[in-house]
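input.csv follows (CSV, C-alpha atoms):
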```
chain,number,residue,atom,x,y,z
P,1,ASN,CA,-4.0,-19.7,-4.7
P,2,ALA,CA,-0.7,-18.1,-3.5
P,3,GLY,CA,-1.9,-14.5,-4.2
P,4,VAL,CA,1.1,-12.2,-4.9
P,5,THR,CA,4.6,-13.7,-4.5
P,6,GLN,CA,7.9,-12.0,-4.6
P,7,THR,CA,11.5,-13.2,-4.8
P,8,PRO,CA,14.0,-12.8,-3.2
P,9,LYS,CA,12.9,-12.0,0.3
P,10,PHE,CA,16.2,-10.4,1.2
P,11,GLN,CA,19.1,-9.2,-0.9
P,12,VAL,CA,22.4,-7.3,-0.2
P,13,LEU,CA,24.1,-5.6,-3.1
P,14,LYS,CA,27.2,-3.5,-3.6
P,15,THR,CA,26.9,-0.1,-5.2
P,16,GLY,CA,26.9,-0.5,-9.0
P,17,GLN,CA,25.6,-4.1,-9.0
P,18,SER,CA,22.4,-5.0,-10.9
P,19,MET,CA,19.6,-7.2,-9.9
P,20,THR,CA,16.0,-8.0,-10.8
P,21,LEU,CA,13.2,-8.4,-8.3
P,22,GLN,CA,10.5,-10.8,-9.4
P,23,CYS,CA,6.8,-10.6,-8.7
P,24,ALA,CA,4.0,-13.0,-9.8
P,25,GLN,CA,0.3,-13.2,-9.1
P,26,ASP,CA,-2.1,-16.0,-9.7
P,27,MET,CA,-5.4,-14.1,-9.3
P,28,ASN,CA,-5.7,-13.2,-13.0
P,29,HIS,CA,-5.5,-9.5,-12.2
P,30,ASN,CA,-4.7,-7.0,-15.1
P,31,SER,CA,-3.0,-4.3,-13.1
P,32,MET,CA,0.3,-4.7,-11.2
P,33,TYR,CA,2.4,-2.3,-9.2
P,34,TRP,CA,5.8,-1.8,-7.7
P,35,TYR,CA,6.2,0.3,-4.5
P,36,ARG,CA,9.1,1.2,-2.2
P,37,GLN,CA,8.6,1.8,1.5
P,38,ASP,CA,11.1,3.9,3.5
P,39,PRO,CA,10.9,4.9,7.1
P,40,GLY,CA,9.0,8.2,7.4
P,41,MET,CA,8.2,8.2,3.7
P,42,GLY,CA,5.3,5.8,3.4
P,43,LEU,CA,4.6,3.7,0.3
P,44,ARG,CA,5.7,5.4,-3.0
P,45,LEU,CA,4.8,4.1,-6.4
P,46,ILE,CA,7.7,3.3,-8.7
P,47,TYR,CA,6.1,1.8,-11.8
P,48,TYR,CA,2.8,0.2,-12.6
P,49,SER,CA,1.3,-1.9,-15.4
P,50,ALA,CA,-2.3,-1.6,-16.4
P,51,SER,CA,-2.1,-4.7,-18.6
P,52,GLU,CA,0.3,-7.1,-20.3
P,53,GLY,CA,2.6,-5.2,-22.5
P,54,THR,CA,2.1,-1.8,-20.9
P,55,THR,CA,4.0,0.0,-18.2
P,56,ASP,CA,3.9,3.5,-16.8
P,57,LYS,CA,6.0,5.6,-14.4
P,58,GLY,CA,4.9,6.3,-10.9
P,59,GLU,CA,6.1,8.8,-8.4
P,60,VAL,CA,9.8,7.6,-8.1
P,61,PRO,CA,10.8,5.8,-11.3
P,62,ASN,CA,14.4,7.0,-11.6
P,63,GLY,CA,17.0,4.2,-11.4
P,64,TYR,CA,14.5,1.5,-12.1
P,65,ASN,CA,13.2,-0.4,-15.1
P,66,VAL,CA,10.3,-2.8,-15.3
P,67,SER,CA,9.0,-5.6,-17.5
P,68,ARG,CA,5.5,-7.0,-17.7
P,69,LEU,CA,6.5,-10.4,-19.0
P,70,ASN,CA,3.0,-11.8,-19.2
P,71,LYS,CA,-0.3,-11.3,-17.2
P,72,ARG,CA,1.2,-13.1,-14.2
P,73,GLU,CA,4.6,-11.6,-13.9
P,74,PHE,CA,5.9,-8.0,-13.3
P,75,SER,CA,9.7,-7.6,-12.7
P,76,LEU,CA,11.6,-4.6,-11.4
P,77,ARG,CA,15.2,-4.1,-12.4
P,78,LEU,CA,18.0,-2.1,-10.8
P,79,GLU,CA,20.6,-1.6,-13.4
P,80,SER,CA,23.3,0.1,-11.2
P,81,ALA,CA,22.3,-0.1,-7.5
P,82,ALA,CA,22.9,2.9,-5.3
P,83,PRO,CA,22.7,3.2,-1.5
P,84,SER,CA,19.6,5.4,-1.9
P,85,GLN,CA,17.8,2.4,-3.2
P,86,THR,CA,18.1,0.6,0.1
P,87,SER,CA,14.4,0.0,0.9
P,88,VAL,CA,11.6,-2.5,1.2
P,89,TYR,CA,10.0,-3.2,-2.2
P,90,PHE,CA,6.4,-4.4,-2.4
P,91,CYS,CA,4.6,-5.7,-5.5
P,92,ALA,CA,0.8,-5.4,-5.6
P,93,SER,CA,-2.0,-6.3,-8.0
P,94,LYS,CA,-5.4,-4.7,-8.3
P,95,GLU,CA,-8.7,-6.4,-7.7
P,96,ARG,CA,-12.3,-5.3,-8.2
P,97,LEU,CA,-14.2,-5.5,-4.9
P,98,ALA,CA,-17.9,-6.3,-4.5
P,99,GLY,CA,-19.6,-3.0,-5.2
P,100,GLY,CA,-17.2,-2.0,-8.0
P,101,GLN,CA,-14.4,-0.5,-6.0
P,102,ASP,CA,-10.8,-1.3,-6.8
P,103,THR,CA,-8.1,-2.1,-4.3
P,104,GLN,CA,-4.7,-3.6,-4.2
P,105,TYR,CA,-3.3,-6.7,-2.6
P,106,PHE,CA,0.4,-6.8,-1.7
P,107,GLY,CA,3.1,-9.4,-1.8
P,108,PRO,CA,5.4,-10.1,1.1
P,109,GLY,CA,8.1,-7.7,0.1
P,110,THR,CA,11.8,-7.8,-0.7
P,111,ARG,CA,14.2,-6.1,1.8
P,112,LEU,CA,17.1,-4.7,-0.3
P,113,THR,CA,20.3,-3.3,1.2
P,114,VAL,CA,22.8,-1.5,-1.1
P,115,LEU,CA,26.2,-1.1,0.5
L,1,GLN,CA,0.3,17.0,-5.8
L,2,LYS,CA,-2.5,14.9,-4.3
L,3,GLU,CA,-1.8,14.1,-0.7
L,4,VAL,CA,-3.0,12.0,2.2
L,5,GLU,CA,-2.0,13.1,5.7
L,6,GLN,CA,-1.9,11.0,8.8
L,7,ASN,CA,-0.6,11.6,12.3
L,8,SER,CA,2.5,9.4,12.5
L,9,GLY,CA,1.9,8.7,16.2
L,10,PRO,CA,2.7,6.6,18.1
L,11,LEU,CA,-0.9,6.4,19.4
L,12,SER,CA,-1.0,4.4,22.6
L,13,VAL,CA,-4.2,3.1,24.1
L,14,PRO,CA,-4.9,0.6,26.9
L,15,GLU,CA,-6.4,-2.8,26.1
L,16,GLY,CA,-10.2,-2.6,25.8
L,17,ALA,CA,-10.3,1.1,24.8
L,18,ILE,CA,-11.3,2.7,21.5
L,19,ALA,CA,-8.5,3.6,19.2
L,20,SER,CA,-9.3,6.5,16.8
L,21,LEU,CA,-7.1,6.9,13.7
L,22,ASN,CA,-7.5,9.9,11.4
L,23,CYS,CA,-6.7,10.8,7.9
L,24,THR,CA,-7.2,13.8,5.6
L,25,TYR,CA,-6.9,14.0,1.9
L,26,SER,CA,-6.3,16.9,-0.5
L,27,ASP,CA,-8.2,15.8,-3.7
L,28,ARG,CA,-11.9,16.8,-3.2
L,29,GLY,CA,-12.8,14.5,-6.2
L,30,SER,CA,-11.5,11.3,-4.4
L,31,GLN,CA,-14.1,8.6,-4.3
L,32,SER,CA,-12.7,5.5,-2.6
L,33,PHE,CA,-10.9,5.2,0.7
L,34,PHE,CA,-9.1,2.3,2.3
L,35,TRP,CA,-7.5,1.4,5.6
L,36,TYR,CA,-4.6,-1.1,5.5
L,37,ARG,CA,-2.9,-2.6,8.6
L,38,GLN,CA,0.8,-3.4,8.5
L,39,TYR,CA,2.5,-5.4,11.2
L,40,SER,CA,6.2,-4.8,11.6
L,41,GLY,CA,8.2,-6.5,8.9
L,42,LYS,CA,5.1,-7.6,7.0
L,43,SER,CA,3.2,-6.3,4.0
L,44,PRO,CA,0.1,-4.0,4.1
L,45,GLU,CA,-3.2,-5.9,4.6
L,46,LEU,CA,-6.6,-4.4,3.6
L,47,ILE,CA,-9.0,-4.2,6.5
L,48,MET,CA,-11.7,-1.7,5.5
L,49,PHE,CA,-12.8,0.3,2.6
L,50,ILE,CA,-15.5,3.0,2.3
L,51,TYR,CA,-16.9,5.2,-0.5
L,52,SER,CA,-20.1,6.7,0.9
L,53,ASN,CA,-20.4,9.4,3.5
L,54,GLY,CA,-21.2,8.1,6.9
L,55,ASP,CA,-20.1,5.0,8.9
L,56,LYS,CA,-19.3,1.5,7.8
L,57,GLU,CA,-18.9,-1.2,10.4
L,58,ASP,CA,-17.1,-4.5,10.2
L,59,GLY,CA,-16.7,-6.4,13.5
L,60,ARG,CA,-14.7,-4.2,15.9
L,61,PHE,CA,-13.7,-1.8,13.1
L,62,THR,CA,-15.7,1.2,12.0
L,63,ALA,CA,-14.6,3.4,9.1
L,64,GLN,CA,-16.1,7.0,8.9
L,65,LEU,CA,-16.1,9.2,5.9
L,66,ASN,CA,-16.9,12.9,5.6
L,67,LYS,CA,-16.3,14.1,2.1
L,68,ALA,CA,-17.2,17.7,2.8
L,69,SER,CA,-14.4,17.9,5.4
L,70,GLN,CA,-12.1,15.5,3.3
L,71,TYR,CA,-11.7,13.4,6.4
L,72,VAL,CA,-11.6,9.6,6.9
L,73,SER,CA,-11.2,7.9,10.2
L,74,LEU,CA,-10.9,4.3,11.6
L,75,LEU,CA,-12.3,3.4,15.0
L,76,ILE,CA,-11.1,0.2,16.6
L,77,ARG,CA,-13.4,-0.9,19.5
L,78,ASP,CA,-12.2,-3.1,22.4
L,79,SER,CA,-8.6,-2.7,21.2
L,80,GLN,CA,-6.4,-5.7,21.7
L,81,PRO,CA,-2.6,-6.0,21.9
L,82,SER,CA,-2.8,-7.9,18.5
L,83,ASP,CA,-4.1,-4.6,17.0
L,84,SER,CA,-0.7,-3.0,17.6
L,85,ALA,CA,0.5,-2.2,14.1
L,86,THR,CA,0.9,0.7,11.7
L,87,TYR,CA,-2.4,1.7,10.0
L,88,LEU,CA,-2.1,3.2,6.5
L,89,CYS,CA,-4.8,5.3,5.0
L,90,ALA,CA,-5.1,5.2,1.2
L,91,VAL,CA,-7.1,7.1,-1.4
L,92,MET,CA,-7.9,5.9,-4.9
L,93,ASN,CA,-6.7,8.4,-7.5
L,94,TYR,CA,-8.4,8.1,-10.9
L,95,GLY,CA,-6.3,10.8,-12.6
L,96,GLY,CA,-4.9,9.4,-15.9
L,97,SER,CA,-5.7,6.1,-17.5
L,98,GLN,CA,-6.3,4.1,-14.4
L,99,GLY,CA,-6.7,4.3,-10.7
L,100,ASN,CA,-3.7,4.2,-8.4
L,101,LEU,CA,-3.7,4.4,-4.6
L,102,ILE,CA,-2.1,7.3,-2.8
L,103,PHE,CA,-1.0,6.3,0.7
L,104,GLY,CA,-0.5,8.3,3.9
L,105,LYS,CA,2.7,7.7,5.8
L,106,GLY,CA,0.8,5.7,8.5
L,107,THR,CA,-0.1,5.9,12.1
L,108,LYS,CA,1.6,3.5,14.5
L,109,LEU,CA,-0.8,2.1,17.1
L,110,SER,CA,0.3,0.5,20.3
L,111,VAL,CA,-2.2,-1.3,22.5
L,112,LYS,CA,-0.9,-1.8,26.1
L,113,PRO,CA,-2.1,-4.9,28.1
```
Would you mind writing the structure in this file as structure tokens?
Amino acid sequence: NAGVTQTPKFQVLKTGQSMTLQCAQDMNHNSMYWYRQDPGMGLRLIYYSASEGTTDKGEVPNGYNVSRLNKREFSLRLESAAPSQTSVYFCASKERLAGGQDTQYFGPGTRLTVL
Amino acid sequence: QKEVEQNSGPLSVPEGAIASLNCTYSDRGSQSFFWYRQYSGKSPELIMFIYSNGDKEDGRFTAQLNKASQYVSLLIRDSQPSDSATYLCAVMNYGGSQGNLIFGKGTKLSVKP
């Protein structure tokens, strides 16, 4: 059971280049999330997917697109990278805890630098 | 805009002392509250959750919730240098079709040997 996995771990892009961040979970969770984390800004939700085939915008969706390929995989695409998208990106999935409360488990993150 | 506020720190405590981390939230209807620990360069890791007023203890960690004051805290007893990390408070927001976590910006804790 690998939990939530993300690839790549590190990436450097030039302004205007595109790339896709990959996320997969093997815990059979329905809901998956993409966050970015910047110094002094905390974790901010970019997009989420409540189930296969559905996606919704979070707090900071501009400049990003997502695909929920199947129940396991949720990818984040930067079509034309900008320096403002330099950040650490975390994928997470939601699990129901004992007692009925929901929480989220995070992948290891992708450190992206846009020059 | 629903918000979660934390003192950014750094909070510095000596080894063996009690570290007290605090968090306030704006949405009075919030029901579930979480504490994540994040080591430098790593991902957030869930360490405690609480949804009833009062205290919840797990080993050296105690989470405290006061819904009337919209206040959540985390106490770490017998603090160890390995507890040095950033602690994120999160609140589950059930507005809309599903619940999403709203995070505070985190409090950096440093435990000095």
Would you pick out the contacts of stretch 30-36 of chain L at 7 Å or less, using only C-alpha atoms, so that residues sharing its chain but fewer than 5 positions from it are not included, and give the list as a list in words? Pro44, Glu45, Leu46, Ile47, Met48, Phe49, Ile50, Tyr51, Tyr87, Leu88, Cys89, Ala90, Val91, Met92 and Asn93 of chain L
Nearby residues (all atoms listed in the file) at most 10 Å from stretch 67-81 of chain L, same-chain spacing under 5 positions excluded, as a PyMOL selection string: chain L and resi 4-6+13-31+33-35+48+50-62+87+89-91+109-113
Just C-alpha atoms for this one: save the residues we selected as a PDB file, in the coordinates of the input.
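Saved as out_17.pdb:
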```
ATOM      1  CA  VAL L   4      -3.000  12.000   2.200  1.00  0.00           C
ATOM      2  CA  GLU L   5      -2.000  13.100   5.700  1.00  0.00           C
ATOM      3  CA  GLN L   6      -1.900  11.000   8.800  1.00  0.00           C
ATOM      4  CA  VAL L  13      -4.200   3.100  24.100  1.00  0.00           C
ATOM      5  CA  PRO L  14      -4.900   0.600  26.900  1.00  0.00           C
ATOM      6  CA  GLU L  15      -6.400  -2.800  26.100  1.00  0.00           C
ATOM      7  CA  GLY L  16     -10.200  -2.600  25.800  1.00  0.00           C
ATOM      8  CA  ALA L  17     -10.300   1.100  24.800  1.00  0.00           C
ATOM      9  CA  ILE L  18     -11.300   2.700  21.500  1.00  0.00           C
ATOM     10  CA  ALA L  19      -8.500   3.600  19.200  1.00  0.00           C
ATOM     11  CA  SER L  20      -9.300   6.500  16.800  1.00  0.00           C
ATOM     12  CA  LEU L  21      -7.100   6.900  13.700  1.00  0.00           C
ATOM     13  CA  ASN L  22      -7.500   9.900  11.400  1.00  0.00           C
ATOM     14  CA  CYS L  23      -6.700  10.800   7.900  1.00  0.00           C
ATOM     15  CA  THR L  24      -7.200  13.800   5.600  1.00  0.00           C
ATOM     16  CA  TYR L  25      -6.900  14.000   1.900  1.00  0.00           C
ATOM     17  CA  SER L  26      -6.300  16.900  -0.500  1.00  0.00           C
ATOM     18  CA  ASP L  27      -8.200  15.800  -3.700  1.00  0.00           C
ATOM     19  CA  ARG L  28     -11.900  16.800  -3.200  1.00  0.00           C
ATOM     20  CA  GLY L  29     -12.800  14.500  -6.200  1.00  0.00           C
ATOM     21  CA  SER L  30     -11.500  11.300  -4.400  1.00  0.00           C
ATOM     22  CA  GLN L  31     -14.100   8.600  -4.300  1.00  0.00           C
ATOM     23  CA  PHE L  33     -10.900   5.200   0.700  1.00  0.00           C
ATOM     24  CA  PHE L  34      -9.100   2.300   2.300  1.00  0.00           C
ATOM     25  CA  TRP L  35      -7.500   1.400   5.600  1.00  0.00           C
ATOM     26  CA  MET L  48     -11.700  -1.700   5.500  1.00  0.00           C
ATOM     27  CA  ILE L  50     -15.500   3.000   2.300  1.00  0.00           C
ATOM     28  CA  TYR L  51     -16.900   5.200  -0.500  1.00  0.00           C
ATOM     29  CA  SER L  52     -20.100   6.700   0.900  1.00  0.00           C
ATOM     30  CA  ASN L  53     -20.400   9.400   3.500  1.00  0.00           C
ATOM     31  CA  GLY L  54     -21.200   8.100   6.900  1.00  0.00           C
ATOM     32  CA  ASP L  55     -20.100   5.000   8.900  1.00  0.00           C
ATOM     33  CA  LYS L  56     -19.300   1.500   7.800  1.00  0.00           C
ATOM     34  CA  GLU L  57     -18.900  -1.200  10.400  1.00  0.00           C
ATOM     35  CA  ASP L  58     -17.100  -4.500  10.200  1.00  0.00           C
ATOM     36  CA  GLY L  59     -16.700  -6.400  13.500  1.00  0.00           C
ATOM     37  CA  ARG L  60     -14.700  -4.200  15.900  1.00  0.00           C
ATOM     38  CA  PHE L  61     -13.700  -1.800  13.100  1.00  0.00           C
ATOM     39  CA  THR L  62     -15.700   1.200  12.000  1.00  0.00           C
ATOM     40  CA  TYR L  87      -2.400   1.700  10.000  1.00  0.00           C
ATOM     41  CA  CYS L  89      -4.800   5.300   5.000  1.00  0.00           C
ATOM     42  CA  ALA L  90      -5.100   5.200   1.200  1.00  0.00           C
ATOM     43  CA  VAL L  91      -7.100   7.100  -1.400  1.00  0.00           C
ATOM     44  CA  LEU L 109      -0.800   2.100  17.100  1.00  0.00           C
ATOM     45  CA  SER L 110       0.300   0.500  20.300  1.00  0.00           C
ATOM     46  CA  VAL L 111      -2.200  -1.300  22.500  1.00  0.00           C
ATOM     47  CA  LYS L 112      -0.900  -1.800  26.100  1.00  0.00           C
ATOM     48  CA  PRO L 113      -2.100  -4.900  28.100  1.00  0.00           C
TER      49      PRO L 113
END
```
Closest pair table for chain P residues within 9 Å of chain L, all atoms listed in the file, as CSV:
```
residue,atom,partner,partner_atom,distance
P:Tyr33,CA,L:Asn100,CA,8.9
P:Pro39,CA,L:Lys105,CA,8.8
P:Gly40,CA,L:Lys105,CA,6.5
P:Met41,CA,L:Lys105,CA,5.9
P:Gly42,CA,L:Lys105,CA,4.0
P:Leu43,CA,L:Phe103,CA,6.2
P:Arg44,CA,L:Phe103,CA,7.7
P:Leu45,CA,L:Ile102,CA,8.4
P:Tyr48,CA,L:Asn100,CA,8.7
P:Ala50,CA,L:Gln98,CA,7.2
P:Phe90,CA,L:Ser43,CA,7.4
P:Gln101,CA,L:Ser32,CA,7.1
P:Asp102,CA,L:Gly99,CA,8.0
P:Thr103,CA,L:Leu101,CA,7.9
P:Gln104,CA,L:Leu46,CA,8.1
P:Tyr105,CA,L:Glu45,CA,7.2
P:Phe106,CA,L:Ser43,CA,6.4
P:Gly107,CA,L:Ser43,CA,6.6
P:Pro108,CA,L:Ser43,CA,5.3
P:Gly109,CA,L:Ser43,CA,6.4
```
Near-L:Lys108 list (6 Å; all atoms listed in the file; drop same-chain fewer than 2 positions) as an MDAnalysis selection string: chainID L and resid 9:10 85:86
Distance in Å - atom CA of L:Ser84 versus atom CA of P:Ile46: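 The value is 28.3 Å.
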Report the distance between atom CA of P:Ser87 and atom CA of L:Lys2 in Å, rounded to one decimal place.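 Atom-to-atom, atom CA of P:Ser87 and atom CA of L:Lys2 are spaced 23.1 Å apart.
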Which distance in Å separates atom CA of P:Gln6 and atom CA of P:Ser75, to one decimal?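 Answer for the atom CA of P:Gln6 to atom CA of P:Ser75 separation: 9.4 Å.
Applying the 7 Å criterion to (25.8, 0.4, -2.1) in file coordinates and using all atoms listed in the file, one obtains the residues Leu13, Lys14, Thr15, Ala81, Ala82, Pro83, Val114 and Leu115 of chain P.
Residue nearest P:Thr5 within the list P:Gln37, P:Ala92, P:His29, P:Asp56: P:Ala92 [criterion: smallest interatomic distance, all atoms listed in the file].
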What would stretch 34-45 of chain P look like with all heavy atoms in place, written as a short mmCIF file (atom, residue, chain, number, x, y, z; two decimals), keeping the file's coordinate frame?
```
data_model
loop_
_atom_site.label_atom_id
_atom_site.label_comp_id
_atom_site.auth_asym_id
_atom_site.auth_seq_id
_atom_site.Cartn_x
_atom_site.Cartn_y
_atom_site.Cartn_z
N TRP P 34 4.65 -1.71 -8.50
CA TRP P 34 5.80 -1.80 -7.70
C TRP P 34 5.91 -0.54 -6.79
O TRP P 34 5.82 0.59 -7.29
CB TRP P 34 7.12 -1.89 -8.49
CG TRP P 34 7.44 -3.28 -8.91
CD1 TRP P 34 7.31 -3.81 -10.15
CD2 TRP P 34 7.98 -4.32 -8.09
NE1 TRP P 34 7.70 -5.12 -10.16
CE2 TRP P 34 8.12 -5.46 -8.91
CE3 TRP P 34 8.34 -4.41 -6.75
CZ2 TRP P 34 8.62 -6.66 -8.43
CZ3 TRP P 34 8.83 -5.60 -6.27
CH2 TRP P 34 8.98 -6.72 -7.11
N TYR P 35 6.07 -0.76 -5.46
CA TYR P 35 6.20 0.30 -4.50
C TYR P 35 7.56 0.13 -3.77
O TYR P 35 8.06 -0.98 -3.62
CB TYR P 35 5.14 0.28 -3.43
CG TYR P 35 3.74 0.60 -3.90
CD1 TYR P 35 2.90 -0.40 -4.37
CD2 TYR P 35 3.26 1.91 -3.83
CE1 TYR P 35 1.61 -0.10 -4.77
CE2 TYR P 35 1.96 2.20 -4.24
CZ TYR P 35 1.15 1.20 -4.71
OH TYR P 35 -0.13 1.49 -5.11
N ARG P 36 8.06 1.25 -3.22
CA ARG P 36 9.10 1.20 -2.20
C ARG P 36 8.60 1.81 -0.95
O ARG P 36 7.77 2.74 -1.00
CB ARG P 36 10.41 1.79 -2.70
CG ARG P 36 10.35 3.25 -3.03
CD ARG P 36 11.72 3.79 -3.44
NE ARG P 36 12.65 3.86 -2.30
CZ ARG P 36 13.94 4.17 -2.39
NH1 ARG P 36 14.48 4.44 -3.57
NH2 ARG P 36 14.70 4.21 -1.32
N GLN P 37 9.06 1.29 0.18
CA GLN P 37 8.60 1.80 1.50
C GLN P 37 9.87 2.12 2.30
O GLN P 37 10.68 1.25 2.59
CB GLN P 37 7.74 0.84 2.22
CG GLN P 37 7.14 1.42 3.48
CD GLN P 37 6.15 0.48 4.15
OE1 GLN P 37 6.33 -0.73 4.18
NE2 GLN P 37 5.05 1.04 4.68
N ASP P 38 10.00 3.39 2.68
CA ASP P 38 11.10 3.90 3.50
C ASP P 38 10.60 4.47 4.77
O ASP P 38 9.50 5.04 4.78
CB ASP P 38 11.92 4.92 2.69
CG ASP P 38 12.39 4.39 1.35
OD1 ASP P 38 13.26 3.51 1.37
OD2 ASP P 38 11.87 4.83 0.31
N PRO P 39 11.36 4.36 5.86
CA PRO P 39 10.90 4.90 7.10
C PRO P 39 10.57 6.41 6.99
O PRO P 39 11.35 7.19 6.41
CB PRO P 39 12.14 4.73 8.04
CG PRO P 39 12.86 3.59 7.45
CD PRO P 39 12.67 3.70 5.97
N GLY P 40 9.40 6.79 7.47
CA GLY P 40 9.00 8.20 7.40
C GLY P 40 8.50 8.66 6.07
O GLY P 40 8.07 9.81 5.95
N MET P 41 8.57 7.79 5.04
CA MET P 41 8.20 8.20 3.70
C MET P 41 6.92 7.54 3.19
O MET P 41 6.37 7.90 2.17
CB MET P 41 9.32 7.96 2.71
CG MET P 41 10.60 8.70 3.01
SD MET P 41 10.37 10.48 2.89
CE MET P 41 10.10 10.67 1.14
N GLY P 42 6.48 6.53 3.86
CA GLY P 42 5.30 5.80 3.40
C GLY P 42 5.59 4.98 2.16
O GLY P 42 6.74 4.76 1.77
N LEU P 43 4.53 4.53 1.52
CA LEU P 43 4.60 3.70 0.30
C LEU P 43 4.64 4.68 -0.91
O LEU P 43 3.75 5.51 -1.06
CB LEU P 43 3.43 2.80 0.17
CG LEU P 43 3.49 1.52 0.99
CD1 LEU P 43 2.10 0.95 1.18
CD2 LEU P 43 4.38 0.50 0.31
N ARG P 44 5.63 4.52 -1.77
CA ARG P 44 5.70 5.40 -3.00
C ARG P 44 5.74 4.49 -4.21
O ARG P 44 6.49 3.51 -4.27
CB ARG P 44 6.97 6.24 -2.89
CG ARG P 44 6.91 7.29 -1.78
CD ARG P 44 8.14 8.19 -1.79
NE ARG P 44 9.35 7.47 -1.40
CZ ARG P 44 10.58 7.96 -1.53
NH1 ARG P 44 10.76 9.16 -2.03
NH2 ARG P 44 11.61 7.25 -1.14
N LEU P 45 4.94 4.87 -5.18
CA LEU P 45 4.80 4.10 -6.40
C LEU P 45 5.97 4.30 -7.32
O LEU P 45 6.32 5.43 -7.65
CB LEU P 45 3.48 4.48 -7.09
CG LEU P 45 3.11 3.72 -8.36
CD1 LEU P 45 2.85 2.24 -8.05
CD2 LEU P 45 1.89 4.35 -9.00
#
```
